[in-house]
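File shown here: final_11.pdb, holding PDB, C-alpha atoms.
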ATOM      1  CA  MET A   1      69.932 130.019  80.242  1.00  0.00           C
ATOM      2  CA  HIS A   2      69.586 126.246  80.471  1.00  0.00           C
ATOM      3  CA  PHE A   3      68.556 124.765  83.829  1.00  0.00           C
ATOM      4  CA  LEU A   4      69.681 121.191  84.394  1.00  0.00           C
ATOM      5  CA  THR A   5      67.453 118.398  85.678  1.00  0.00           C
ATOM      6  CA  GLN A   6      68.369 115.088  87.301  1.00  0.00           C
ATOM      7  CA  LYS A   7      69.099 113.682  83.853  1.00  0.00           C
ATOM      8  CA  ILE A   8      72.827 113.536  83.094  1.00  0.00           C
ATOM      9  CA  GLU A   9      72.975 115.792  80.060  1.00  0.00           C
ATOM     10  CA  PHE A  10      74.089 119.278  79.018  1.00  0.00           C
ATOM     11  CA  PRO A  11      73.106 121.545  76.147  1.00  0.00           C
ATOM     12  CA  ASP A  12      75.542 121.776  73.255  1.00  0.00           C
ATOM     13  CA  VAL A  13      78.509 123.948  74.259  1.00  0.00           C
ATOM     14  CA  SER A  14      77.718 126.291  71.385  1.00  0.00           C
ATOM     15  CA  LYS A  15      74.794 127.472  73.533  1.00  0.00           C
ATOM     16  CA  ALA A  16      77.133 128.976  76.137  1.00  0.00           C
ATOM     17  CA  SER A  17      77.005 132.716  76.767  1.00  0.00           C
ATOM     18  CA  ALA A  18      79.755 135.062  75.614  1.00  0.00           C
ATOM     19  CA  ASP A  19      81.603 134.581  78.916  1.00  0.00           C
ATOM     20  CA  GLY A  20      81.261 130.804  78.747  1.00  0.00           C
ATOM     21  CA  LEU A  21      78.349 130.132  81.096  1.00  0.00           C
ATOM     22  CA  LEU A  22      76.439 127.122  79.753  1.00  0.00           C
ATOM     23  CA  ALA A  23      74.032 125.826  82.393  1.00  0.00           C
ATOM     24  CA  ILE A  24      72.792 126.140  85.969  1.00  0.00           C
ATOM     25  CA  GLY A  25      71.883 123.490  88.513  1.00  0.00           C
ATOM     26  CA  GLY A  26      72.203 119.738  88.487  1.00  0.00           C
ATOM     27  CA  ASP A  27      74.573 118.060  90.915  1.00  0.00           C
ATOM     28  CA  LEU A  28      78.199 117.079  91.417  1.00  0.00           C
ATOM     29  CA  SER A  29      77.714 113.358  90.995  1.00  0.00           C
ATOM     30  CA  THR A  30      80.621 111.387  89.613  1.00  0.00           C
ATOM     31  CA  GLU A  31      78.611 110.528  86.512  1.00  0.00           C
ATOM     32  CA  ARG A  32      77.763 114.161  85.771  1.00  0.00           C
ATOM     33  CA  LEU A  33      81.316 115.371  86.350  1.00  0.00           C
ATOM     34  CA  ILE A  34      82.803 112.739  84.033  1.00  0.00           C
ATOM     35  CA  HIS A  35      80.187 113.551  81.394  1.00  0.00           C
ATOM     36  CA  ALA A  36      80.903 117.276  81.754  1.00  0.00           C
ATOM     37  CA  TYR A  37      84.692 117.047  81.473  1.00  0.00           C
ATOM     38  CA  SER A  38      84.473 114.687  78.514  1.00  0.00           C
ATOM     39  CA  HIS A  39      82.475 117.401  76.716  1.00  0.00           C
ATOM     40  CA  GLY A  40      84.666 120.374  77.654  1.00  0.00           C
ATOM     41  CA  ILE A  41      82.462 121.571  80.519  1.00  0.00           C
ATOM     42  CA  PHE A  42      83.481 122.298  84.109  1.00  0.00           C
ATOM     43  CA  PRO A  43      81.754 123.566  87.285  1.00  0.00           C
ATOM     44  CA  TRP A  44      82.801 126.883  88.824  1.00  0.00           C
ATOM     45  CA  PHE A  45      80.792 128.803  91.398  1.00  0.00           C
ATOM     46  CA  GLU A  46      81.119 130.370  94.825  1.00  0.00           C
ATOM     47  CA  ALA A  47      79.514 128.996  97.980  1.00  0.00           C
ATOM     48  CA  GLU A  48      76.472 131.263  97.912  1.00  0.00           C
ATOM     49  CA  GLU A  49      75.789 130.705  94.207  1.00  0.00           C
ATOM     50  CA  PRO A  50      73.860 127.933  92.458  1.00  0.00           C
ATOM     51  CA  LEU A  51      75.869 125.289  90.612  1.00  0.00           C
ATOM     52  CA  LEU A  52      77.247 126.938  87.445  1.00  0.00           C
ATOM     53  CA  TRP A  53      78.700 125.061  84.462  1.00  0.00           C
ATOM     54  CA  TRP A  54      81.112 126.639  81.971  1.00  0.00           C
ATOM     55  CA  SER A  55      82.574 126.053  78.521  1.00  0.00           C
ATOM     56  CA  PRO A  56      84.472 129.213  77.535  1.00  0.00           C
ATOM     57  CA  ASP A  57      85.458 130.114  73.988  1.00  0.00           C
ATOM     58  CA  PRO A  58      88.335 130.617  73.523  1.00  0.00           C
ATOM     59  CA  ARG A  59      89.807 128.085  75.954  1.00  0.00           C
ATOM     60  CA  PHE A  60      93.053 128.712  77.810  1.00  0.00           C
ATOM     61  CA  VAL A  61      95.414 125.735  77.473  1.00  0.00           C
ATOM     62  CA  LEU A  62      99.059 124.764  77.591  1.00  0.00           C
ATOM     63  CA  PHE A  63     100.704 122.405  75.136  1.00  0.00           C
ATOM     64  CA  PRO A  64     103.531 120.600  77.009  1.00  0.00           C
ATOM     65  CA  LYS A  65     105.909 121.198  74.075  1.00  0.00           C
ATOM     66  CA  ASP A  66     105.380 124.945  74.575  1.00  0.00           C
ATOM     67  CA  LEU A  67     106.181 124.915  78.306  1.00  0.00           C
ATOM     68  CA  LYS A  68     108.377 127.888  79.185  1.00  0.00           C
ATOM     69  CA  VAL A  69     110.860 127.609  82.036  1.00  0.00           C
ATOM     70  CA  SER A  70     112.560 130.890  82.847  1.00  0.00           C
ATOM     71  CA  LYS A  71     116.256 131.113  83.668  1.00  0.00           C
ATOM     72  CA  SER A  72     115.480 131.935  87.300  1.00  0.00           C
ATOM     73  CA  THR A  73     113.119 128.970  87.586  1.00  0.00           C
ATOM     74  CA  ARG A  74     115.723 126.656  86.061  1.00  0.00           C
ATOM     75  CA  GLN A  75     118.088 127.774  88.818  1.00  0.00           C
ATOM     76  CA  VAL A  76     115.453 126.943  91.430  1.00  0.00           C
ATOM     77  CA  LEU A  77     114.945 123.493  89.904  1.00  0.00           C
ATOM     78  CA  LYS A  78     118.697 122.825  89.926  1.00  0.00           C
ATOM     79  CA  LYS A  79     118.908 123.584  93.637  1.00  0.00           C
ATOM     80  CA  ASN A  80     116.515 120.713  94.422  1.00  0.00           C
ATOM     81  CA  LEU A  81     114.780 122.758  97.101  1.00  0.00           C
ATOM     82  CA  PHE A  82     111.617 120.701  96.717  1.00  0.00           C
ATOM     83  CA  SER A  83     110.549 117.131  96.117  1.00  0.00           C
ATOM     84  CA  VAL A  84     107.492 116.458  93.972  1.00  0.00           C
ATOM     85  CA  THR A  85     105.091 113.519  94.239  1.00  0.00           C
ATOM     86  CA  VAL A  86     101.882 112.502  92.478  1.00  0.00           C
ATOM     87  CA  ASN A  87      98.775 111.218  94.269  1.00  0.00           C
ATOM     88  CA  LYS A  88     100.500 110.970  97.646  1.00  0.00           C
ATOM     89  CA  ASP A  89      97.971 113.134  99.518  1.00  0.00           C
ATOM     90  CA  PHE A  90      95.074 114.271  97.337  1.00  0.00           C
ATOM     91  CA  ASN A  91      92.916 115.188 100.336  1.00  0.00           C
ATOM     92  CA  ALA A  92      95.528 117.541 101.760  1.00  0.00           C
ATOM     93  CA  VAL A  93      96.115 119.246  98.402  1.00  0.00           C
ATOM     94  CA  ILE A  94      92.463 119.979  97.695  1.00  0.00           C
ATOM     95  CA  ALA A  95      91.978 121.167 101.281  1.00  0.00           C
ATOM     96  CA  GLN A  96      94.895 123.600 100.941  1.00  0.00           C
ATOM     97  CA  CYS A  97      93.594 124.835  97.572  1.00  0.00           C
ATOM     98  CA  SER A  98      90.225 125.467  99.203  1.00  0.00           C
ATOM     99  CA  ASN A  99      91.769 127.468 102.063  1.00  0.00           C
ATOM    100  CA  THR A 100      93.957 129.655  99.863  1.00  0.00           C
ATOM    101  CA  LYS A 101      92.782 133.270  99.691  1.00  0.00           C
ATOM    102  CA  ARG A 102      92.863 134.625  96.157  1.00  0.00           C
ATOM    103  CA  LYS A 103      92.954 138.219  94.962  1.00  0.00           C
ATOM    104  CA  GLY A 104      89.555 139.473  93.816  1.00  0.00           C
ATOM    105  CA  GLN A 105      87.603 136.599  95.397  1.00  0.00           C
ATOM    106  CA  LEU A 106      85.570 137.008  98.577  1.00  0.00           C
ATOM    107  CA  GLY A 107      85.341 133.272  99.194  1.00  0.00           C
ATOM    108  CA  THR A 108      86.344 129.970  97.750  1.00  0.00           C
ATOM    109  CA  TRP A 109      84.707 128.133  94.864  1.00  0.00           C
ATOM    110  CA  ILE A 110      86.052 124.867  96.268  1.00  0.00           C
ATOM    111  CA  THR A 111      83.122 124.198  98.582  1.00  0.00           C
ATOM    112  CA  LYS A 112      82.681 121.196 100.881  1.00  0.00           C
ATOM    113  CA  ASP A 113      80.489 119.557  98.235  1.00  0.00           C
ATOM    114  CA  MET A 114      83.157 120.164  95.596  1.00  0.00           C
ATOM    115  CA  ILE A 115      85.833 118.650  97.814  1.00  0.00           C
ATOM    116  CA  GLU A 116      83.786 115.506  98.423  1.00  0.00           C
ATOM    117  CA  ALA A 117      82.928 115.195  94.719  1.00  0.00           C
ATOM    118  CA  TYR A 118      86.560 115.401  93.586  1.00  0.00           C
ATOM    119  CA  LYS A 119      87.679 113.032  96.341  1.00  0.00           C
ATOM    120  CA  LYS A 120      85.310 110.482  94.816  1.00  0.00           C
ATOM    121  CA  LEU A 121      86.755 111.154  91.372  1.00  0.00           C
ATOM    122  CA  HIS A 122      90.222 110.600  92.805  1.00  0.00           C
ATOM    123  CA  GLN A 123      89.215 107.334  94.450  1.00  0.00           C
ATOM    124  CA  LEU A 124      87.961 106.125  91.066  1.00  0.00           C
ATOM    125  CA  GLY A 125      91.173 107.174  89.329  1.00  0.00           C
ATOM    126  CA  TYR A 126      89.756 110.222  87.512  1.00  0.00           C
ATOM    127  CA  ALA A 127      91.488 112.959  89.507  1.00  0.00           C
ATOM    128  CA  LYS A 128      95.160 113.493  90.332  1.00  0.00           C
ATOM    129  CA  SER A 129      97.089 115.544  92.819  1.00  0.00           C
ATOM    130  CA  VAL A 130     100.636 116.838  92.675  1.00  0.00           C
ATOM    131  CA  GLU A 131     102.358 117.492  95.987  1.00  0.00           C
ATOM    132  CA  VAL A 132     105.385 119.704  96.572  1.00  0.00           C
ATOM    133  CA  TRP A 133     107.377 119.014  99.731  1.00  0.00           C
ATOM    134  CA  GLN A 134     110.086 120.893 101.583  1.00  0.00           C
ATOM    135  CA  ASN A 135     111.612 119.265 104.665  1.00  0.00           C
ATOM    136  CA  ASP A 136     108.712 116.784 104.734  1.00  0.00           C
ATOM    137  CA  GLU A 137     106.177 119.634 104.825  1.00  0.00           C
ATOM    138  CA  LEU A 138     103.536 120.073 102.120  1.00  0.00           C
ATOM    139  CA  VAL A 139     104.291 123.557 100.793  1.00  0.00           C
ATOM    140  CA  GLY A 140     102.566 123.511  97.414  1.00  0.00           C
ATOM    141  CA  GLY A 141     100.527 121.484  95.012  1.00  0.00           C
ATOM    142  CA  LEU A 142      97.783 121.239  92.445  1.00  0.00           C
ATOM    143  CA  TYR A 143      95.000 118.903  91.422  1.00  0.00           C
ATOM    144  CA  GLY A 144      92.925 118.221  88.351  1.00  0.00           C
ATOM    145  CA  VAL A 145      90.915 115.734  86.328  1.00  0.00           C
ATOM    146  CA  ASP A 146      92.347 113.011  84.097  1.00  0.00           C
ATOM    147  CA  LEU A 147      89.835 110.934  82.137  1.00  0.00           C
ATOM    148  CA  GLY A 148      92.506 108.893  80.398  1.00  0.00           C
ATOM    149  CA  ASN A 149      92.263 110.847  77.129  1.00  0.00           C
ATOM    150  CA  ASP A 150      95.775 112.372  77.264  1.00  0.00           C
ATOM    151  CA  VAL A 151      94.352 115.667  78.569  1.00  0.00           C
ATOM    152  CA  PHE A 152      94.892 116.941  82.116  1.00  0.00           C
ATOM    153  CA  CYS A 153      92.234 119.404  83.249  1.00  0.00           C
ATOM    154  CA  GLY A 154      93.863 121.556  85.903  1.00  0.00           C
ATOM    155  CA  GLU A 155      91.549 122.750  88.649  1.00  0.00           C
ATOM    156  CA  SER A 156      93.509 124.642  91.283  1.00  0.00           C
ATOM    157  CA  MET A 157      96.940 125.082  92.826  1.00  0.00           C
ATOM    158  CA  PHE A 158      98.398 126.529  96.008  1.00  0.00           C
ATOM    159  CA  ALA A 159     101.791 127.535  97.371  1.00  0.00           C
ATOM    160  CA  LYS A 160     102.889 128.268 100.915  1.00  0.00           C
ATOM    161  CA  VAL A 161     106.391 129.266  99.856  1.00  0.00           C
ATOM    162  CA  SER A 162     107.705 131.015  96.766  1.00  0.00           C
ATOM    163  CA  ASN A 163     108.043 128.884  93.605  1.00  0.00           C
ATOM    164  CA  ALA A 164     106.480 125.766  95.171  1.00  0.00           C
ATOM    165  CA  SER A 165     103.436 125.447  92.913  1.00  0.00           C
ATOM    166  CA  LYS A 166     105.462 126.503  89.860  1.00  0.00           C
ATOM    167  CA  VAL A 167     108.026 123.769  90.494  1.00  0.00           C
ATOM    168  CA  GLY A 168     105.221 121.244  91.015  1.00  0.00           C
ATOM    169  CA  PHE A 169     103.464 122.198  87.805  1.00  0.00           C
ATOM    170  CA  ILE A 170     106.620 122.248  85.665  1.00  0.00           C
ATOM    171  CA  THR A 171     107.887 118.943  87.078  1.00  0.00           C
ATOM    172  CA  PHE A 172     104.499 117.304  86.546  1.00  0.00           C
ATOM    173  CA  VAL A 173     104.206 118.491  82.943  1.00  0.00           C
ATOM    174  CA  GLN A 174     107.794 117.531  82.081  1.00  0.00           C
ATOM    175  CA  ASN A 175     107.336 114.030  83.466  1.00  0.00           C
ATOM    176  CA  SER A 176     103.925 113.325  81.920  1.00  0.00           C
ATOM    177  CA  ASP A 177     102.820 112.335  78.436  1.00  0.00           C
ATOM    178  CA  TYR A 178      99.795 114.604  78.108  1.00  0.00           C
ATOM    179  CA  LYS A 179      98.993 116.113  74.738  1.00  0.00           C
ATOM    180  CA  LEU A 180      97.286 119.079  76.369  1.00  0.00           C
ATOM    181  CA  ILE A 181      96.921 120.760  79.758  1.00  0.00           C
ATOM    182  CA  ASP A 182      93.520 122.417  80.106  1.00  0.00           C
ATOM    183  CA  CYS A 183      93.976 125.592  82.144  1.00  0.00           C
ATOM    184  CA  GLN A 184      90.306 126.575  81.571  1.00  0.00           C
ATOM    185  CA  LEU A 185      90.677 130.324  82.192  1.00  0.00           C
ATOM    186  CA  HIS A 186      93.506 132.782  81.589  1.00  0.00           C
ATOM    187  CA  THR A 187      95.947 133.702  84.338  1.00  0.00           C
ATOM    188  CA  LYS A 188      99.153 135.701  83.935  1.00  0.00           C
ATOM    189  CA  HIS A 189     101.016 132.997  85.843  1.00  0.00           C
ATOM    190  CA  LEU A 190     100.039 130.244  83.402  1.00  0.00           C
ATOM    191  CA  GLU A 191     100.595 132.548  80.434  1.00  0.00           C
ATOM    192  CA  SER A 192     104.162 133.072  81.629  1.00  0.00           C
ATOM    193  CA  LEU A 193     104.598 129.282  81.540  1.00  0.00           C
ATOM    194  CA  GLY A 194     103.420 129.050  77.936  1.00  0.00           C
ATOM    195  CA  GLY A 195      99.642 128.972  78.216  1.00  0.00           C
ATOM    196  CA  LYS A 196      97.607 130.394  75.347  1.00  0.00           C
ATOM    197  CA  HIS A 197      94.051 130.648  74.020  1.00  0.00           C
ATOM    198  CA  ILE A 198      92.708 128.270  71.390  1.00  0.00           C
ATOM    199  CA  LEU A 199      89.230 128.050  69.905  1.00  0.00           C
ATOM    200  CA  ARG A 200      86.790 125.844  71.812  1.00  0.00           C
ATOM    201  CA  GLN A 201      86.217 123.676  68.739  1.00  0.00           C
ATOM    202  CA  GLU A 202      89.938 122.980  68.523  1.00  0.00           C
ATOM    203  CA  PHE A 203      90.063 122.150  72.235  1.00  0.00           C
ATOM    204  CA  LEU A 204      87.137 119.699  71.924  1.00  0.00           C
ATOM    205  CA  LYS A 205      89.047 117.687  69.309  1.00  0.00           C
ATOM    206  CA  TYR A 206      91.493 116.632  72.036  1.00  0.00           C
ATOM    207  CA  LEU A 207      88.762 115.177  74.216  1.00  0.00           C
TER
END

This structure in structure tokens:
Amino acid sequence: MHFLTQKIEFPDVSKASADGLLAIGGDLSTERLIHAYSHGIFPWFEAEEPLLWWSPDPRFVLFPKDLKVSKSTRQVLKKNLFSVTVNKDFNAVIAQCSNTKRKGQLGTWITKDMIEAYKKLHQLGYAKSVEVWQNDELVGGLYGVDLGNDVFCGESMFAKVSNASKVGFITFVQNSDYKLIDCQLHTKHLESLGGKHILRQEFLKYL
């Protein structure tokens, strides 16, 4: 396993383990995060763990042209139950994502250090949030990284009411010009929306 130093560099992604783990350590500086995402690498670790960096093969992605909207979801969209904004309240979205309890996880991987690091990315224009509102209350949302390469790297989403995050995600994808949405790891929810696995080498071509 490769241990990172203060130098902003990573081993070639081909060195990653079978489950995608590439390196340990380093920091969450803006420079390192931008370098990582531009090379298909992302941090993912729980609070008690060291900093872990991943580049899984295959990679789970969604091509906007393949977005699936079920009949029931189309009905929800037609009812205009929610309003969707972009970059209106990044801090609130990432805080809610951090506080959301997830099945199979004892804690959150969105630590205080992670929150501060992605806030800095957002301030520099490299991270976006999507907010979903109902009666002026934030009821869902998502955030991710956008390096200006036509790829949106989704990080996390939350929903306080049914369908909120799904409506936010679908609306965001339909109203954006991204060539690819990087979902990083497989979830049944994203698969139902059209997500699929592609080889890491194919994914890297989009970066």

Can I get the residues of region 138-188 of chain A within 10 Å of region 29-45 of chain A, each with the closest pair of atoms and their distance in Å to one decimal, using all atoms listed in the file, sorted chain first then ascending number, as a Markdown table?
| residue | atom | partner | partner_atom | distance |
| --- | --- | --- | --- | --- |
| A:Val145 | CA | A:Tyr37 | CA | 8.0 |
| A:Asp146 | CA | A:Tyr37 | CA | 9.0 |
| A:Leu147 | CA | A:Ser38 | CA | 7.5 |
| A:Asn149 | CA | A:Ser38 | CA | 8.8 |
| A:Val151 | CA | A:Ser38 | CA | 9.9 |
| A:Cys153 | CA | A:Tyr37 | CA | 8.1 |
| A:Glu155 | CA | A:Phe42 | CA | 9.3 |
| A:Asp182 | CA | A:Gly40 | CA | 9.4 |
| A:Gln184 | CA | A:Phe42 | CA | 8.4 |

How big is the axis-aligned box, and where does its centre sit, when it encloses all atoms of region 49-68 of chain A listed in the file and has 3 Å added on every side, reported in Å to one decimal as lines of an AutoDock Vina configuration file?
center_x = 91.1
center_y = 125.7
center_z = 83.9
size_x = 40.5
size_y = 16.1
size_z = 26.7

Excluding Tyr143 (chain A) and its own-chain neighbours fewer than 2 positions away, which residues fall within 8 Å of it when counting only C-alpha atoms? Please give them as a tab-separated table (two decimals) with C-alpha atoms, in the coordinates of the input.
chain	number	residue	atom	x	y	z
A	90	PHE	CA	95.07	114.27	97.34
A	93	VAL	CA	96.12	119.25	98.40
A	94	ILE	CA	92.46	119.98	97.70
A	127	ALA	CA	91.49	112.96	89.51
A	128	LYS	CA	95.16	113.49	90.33
A	129	SER	CA	97.09	115.54	92.82
A	130	VAL	CA	100.64	116.84	92.68
A	141	GLY	CA	100.53	121.48	95.01
A	145	VAL	CA	90.92	115.73	86.33
A	154	GLY	CA	93.86	121.56	85.90
A	155	GLU	CA	91.55	122.75	88.65
A	156	SER	CA	93.51	124.64	91.28
A	157	MET	CA	96.94	125.08	92.83

Which one is closest to Ile170 (chain A): A:Gln201, A:Asn91, A:Ser98, A:Ser192? Count only C-alpha atoms. A:Ser192

By how many Å are CA of Pro64 (chain A) and CA of Leu190 (chain A) apart?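 Interatomic distance, CA of Pro64 (chain A) to CA of Leu190 (chain A): 12.1 Å.
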
Just want the 6 Å neighbourhood of region 4-16 of chain A, counted on only C-alpha atoms, with same-chain residues fewer than 3 positions away dropped. Output as a list in words.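 Those residues are Gly20, Leu21, Leu22, Gly25, Gly26 and Arg32 of chain A.
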
Residues matched by the PyMOL selection byres ((chain A and resi 166) around 9) as an NGL selection string: :A and (73 or 140-141 or 159 or 162-165 or 167-171 or 189 or 193)
